[in-house]
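> One structure follows; several queries about it will come next.
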Amino acid sequence: MKKKLAFLFLTMALIAAVALPGCSNDNDDPDPTSGLTKIRVATDATWPPFEYIDTATNKIVGFDIDLMLAIAEKAGLEVEFVNVEWDPLLAGVSQGTYDAAISSITIKPDRLEAMSFSDPYFVAGQIIVVRAGNTDIAGENSLAGKKVGVQSGTTGDDEVSEISGVDRVAYDEIGLAFAALLGNQIDAVVCDTPVADGYVTKYNTELKTVGEVLTTEEYGIALPKSNTALLAKINAGLAAVIAEGKIEELVLKWLVS
Ligand code: ARG
């Protein structure tokens, strides 16, 4: 628990350091009914607690959803969320199918070639999850020869692909990887720290994290490269909500259990 809190505070400190004041722009596509610019924001809602479907209400909820709505309010935007699978989500943003995407997307060089990113809003890293009774996996060095589940095309997938001798098992959704881990079909899952912590909290007698956090990654909101006006609005809205302590509020609401 201490380690987890320390990591969250590191997150907040880094966010405070990178938050830059933005500038505002004129609306270019106002919605005649509300006077607000309407944007379609893609999210892969299979990633609790950042974006997932609340089964009671059938609505998309989570840290990212609250953050995007808060930014939109500051920026005079109206958001329509579109639930899209991970691979088409990234492709759709780069092709301009969506105005933006918020989906715990790690800002990284190959993605920056295909799309733009807002300023960072959160810091996470990859972590290994195993069954609670596991005694032979203690970290990255003990993964050779093991079946390790990831969400295909994520930074967890990148990380596991780089470890030699690992039997990588790629799933379309991280929930399927955790189901396989709980069902003894694989030995470990590698994914982002907040998602791992969420599953370990939910299945606390069955799962545990092991080893150090393997990477340091910043999440950003992704946009098609062409839309620099919307990027400026989102960055200005993000700076405003960060200044008001929104990230800390969302950490308490969604991550500290
Ligand atoms: N942060 C990781 C990445 O950018 C995983 C994000 C997955 N997000 C999701 N909603 N499935 O690759």
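Chains: A, B, ... in order of the structure tokens. Residues: from 1 per chain. Ligands: from 1, in order shown.
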Around ligand 1, at most 7 Å away and counting only C-alpha atoms and all ligand atoms, which residues are there? Put them as a PyMOL selection string, please.

chain A and resi 43-47+51+86+103-106+153-156+173+192+219

> Within 7 Å of A:Arg168, counting only C-alpha atoms, which residues qualify if same-chain residues fewer than 5 places away don't, as an mmCIF file with all heavy atoms, in the first residue's frame?


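Heads up, here's the output in part_2.cif:
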data_model
loop_
_atom_site.group_PDB
_atom_site.id
_atom_site.type_symbol
_atom_site.label_atom_id
_atom_site.label_comp_id
_atom_site.auth_asym_id
_atom_site.auth_seq_id
_atom_site.Cartn_x
_atom_site.Cartn_y
_atom_site.Cartn_z
ATOM 1 N N LYS A 147 3.972 -18.454 -19.704
ATOM 2 C CA LYS A 147 2.910 -17.905 -20.548
ATOM 3 C C LYS A 147 2.467 -16.581 -19.943
ATOM 4 O O LYS A 147 1.954 -16.545 -18.822
ATOM 5 C CB LYS A 147 1.711 -18.853 -20.572
ATOM 6 C CG LYS A 147 1.906 -20.106 -21.389
ATOM 7 C CD LYS A 147 0.535 -20.729 -21.658
ATOM 8 C CE LYS A 147 0.586 -21.795 -22.712
ATOM 9 N NZ LYS A 147 0.607 -23.155 -22.170
ATOM 10 N N VAL A 148 2.654 -15.497 -20.690
ATOM 11 C CA VAL A 148 2.360 -14.167 -20.143
ATOM 12 C C VAL A 148 1.314 -13.460 -21.022
ATOM 13 O O VAL A 148 1.529 -13.261 -22.221
ATOM 14 C CB VAL A 148 3.648 -13.318 -20.050
ATOM 15 C CG1 VAL A 148 3.335 -11.965 -19.418
ATOM 16 C CG2 VAL A 148 4.711 -14.045 -19.233
ATOM 17 N N GLY A 149 0.216 -13.082 -20.406
ATOM 18 C CA GLY A 149 -0.887 -12.445 -21.125
ATOM 19 C C GLY A 149 -0.757 -10.930 -21.169
ATOM 20 O O GLY A 149 -0.323 -10.300 -20.193
ATOM 21 N N VAL A 160 6.564 -7.119 -22.938
ATOM 22 C CA VAL A 160 6.691 -8.579 -22.891
ATOM 23 C C VAL A 160 7.382 -9.102 -24.152
ATOM 24 O O VAL A 160 8.183 -10.041 -24.092
ATOM 25 C CB VAL A 160 5.298 -9.220 -22.675
ATOM 26 C CG1 VAL A 160 5.324 -10.714 -22.919
ATOM 27 C CG2 VAL A 160 4.815 -8.916 -21.254
ATOM 28 N N SER A 161 7.112 -8.461 -25.288
ATOM 29 C CA SER A 161 7.742 -8.889 -26.549
ATOM 30 C C SER A 161 9.262 -8.737 -26.495
ATOM 31 O O SER A 161 9.982 -9.421 -27.219
ATOM 32 C CB SER A 161 7.198 -8.070 -27.724
ATOM 33 O OG SER A 161 5.809 -8.227 -27.812
#

> Taking into account only C-alpha atoms, which residue in the set A:Leu250, A:Val84, A:Ala229, A:Leu214 is nearest to A:Asp172?

A:Val84

> By how many Å are atom CA of A:Gly175 and atom CA of A:Glu80 apart?

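Separation between atom CA of A:Gly175 and atom CA of A:Glu80: 24.6 Å.
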
> Return the single residue from A:Ser152, A:Thr216, A:Tyr121, A:Asn83 that is closest to A:Ala243, with distances computed using only C-alpha atoms.

A:Tyr121

> Tell me, as a PyMOL selection string, which residues lie within 8 Å of A:Leu223, counting only C-alpha atoms; anything in the same chain fewer than 2 positions away does not count.

chain A and resi 93-94+96+98-101+115-118+221+225+227+231

> Keeping C-alpha atoms, export the residues of the selection given above as a compact mmCIF listing (two decimals), in the first residue's frame.


# COMPACT_ATOMS: atom_id res chain seq x y z
CA VAL A 93 -7.50 8.61 -34.47
CA SER A 94 -4.63 8.78 -36.93
CA GLY A 96 -9.35 11.33 -38.40
CA TYR A 98 -12.62 10.42 -34.34
CA ASP A 99 -11.89 13.94 -33.13
CA ALA A 100 -9.92 12.57 -30.19
CA ALA A 101 -9.37 9.47 -28.06
CA MET A 115 -1.12 11.29 -34.22
CA SER A 116 -0.80 14.26 -31.85
CA PHE A 117 -1.00 14.10 -28.07
CA SER A 118 -2.20 16.51 -25.43
CA ILE A 221 -5.29 12.41 -25.11
CA LYS A 225 -2.41 15.45 -36.45
CA ASN A 227 -6.51 19.36 -35.70
CA LEU A 231 -5.40 20.28 -29.48

> What separation in Å, quoted to one decimal, exists between atom CA of A:Lys146 and atom CA of A:Leu182?

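Distance between the two atoms: 15.1 Å.
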
> Would you mind telling me which residue in A:Phe178, A:Tyr171, A:Phe50, A:Tyr199 lies nearest to A:Leu67 when using only C-alpha atoms?

A:Phe50

> Restricting the calculation to only C-alpha atoms, which member of A:Glu244, A:Ala91, A:Lys38, A:Phe81 is positioned closest to A:Tyr52?

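Closest to A:Tyr52, using only C-alpha atoms: A:Phe81.
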
> Where does DSSP see alpha helix (DSSP H) in stretch 65-247 of chain A, if you list the residues as a PyMOL selection string?

chain A and resi 65-75+86-95+109-114+155-161+174-182+193-202+228-243+246-247

> Identify which of the residues A:Ala124, A:Ile71, A:Leu207, A:Val189 lies closest to A:Leu230, counting only C-alpha atoms when measuring atom-to-atom distances.

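Of A:Ala124, A:Ile71, A:Leu207, A:Val189, the one nearest A:Leu230, counting only C-alpha atoms, is A:Ile71.
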
> Just the strand (DSSP E or B) stuff from stretch 138-214 of chain A, please, per backbone DSSP, written as a ChimeraX atom specification.

/A:147-151,167-171,188-192,207-210

> Give me a file of those residues, with C-alpha atoms, as a tab-separated table (two decimals), in the first residue's frame.


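The result, stored in selection.tsv:
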chain	number	residue	atom	x	y	z
A	147	LYS	CA	2.91	-17.90	-20.55
A	148	VAL	CA	2.36	-14.17	-20.14
A	149	GLY	CA	-0.89	-12.44	-21.12
A	150	VAL	CA	-1.12	-8.89	-22.49
A	151	GLN	CA	-3.62	-6.73	-24.34
A	167	ASP	CA	5.53	-17.35	-24.32
A	168	ARG	CA	3.51	-14.20	-25.02
A	169	VAL	CA	-0.27	-14.63	-25.21
A	170	ALA	CA	-2.03	-11.60	-26.71
A	171	TYR	CA	-5.71	-10.89	-26.00
A	188	ALA	CA	1.16	-13.98	-15.50
A	189	VAL	CA	-0.35	-10.80	-16.94
A	190	VAL	CA	1.61	-7.62	-17.70
A	191	CYS	CA	-0.38	-4.39	-17.86
A	192	ASP	CA	-0.54	-0.79	-16.61
A	207	LEU	CA	-3.97	-12.44	-7.44
A	208	LYS	CA	-0.90	-10.37	-6.49
A	209	THR	CA	1.58	-8.05	-8.21
A	210	VAL	CA	5.26	-8.97	-8.14

> So how far away is atom CA of A:Gly165 from atom CA of A:Gly145, in Å?

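Rounded to one decimal, the two atoms are 5.6 Å apart.
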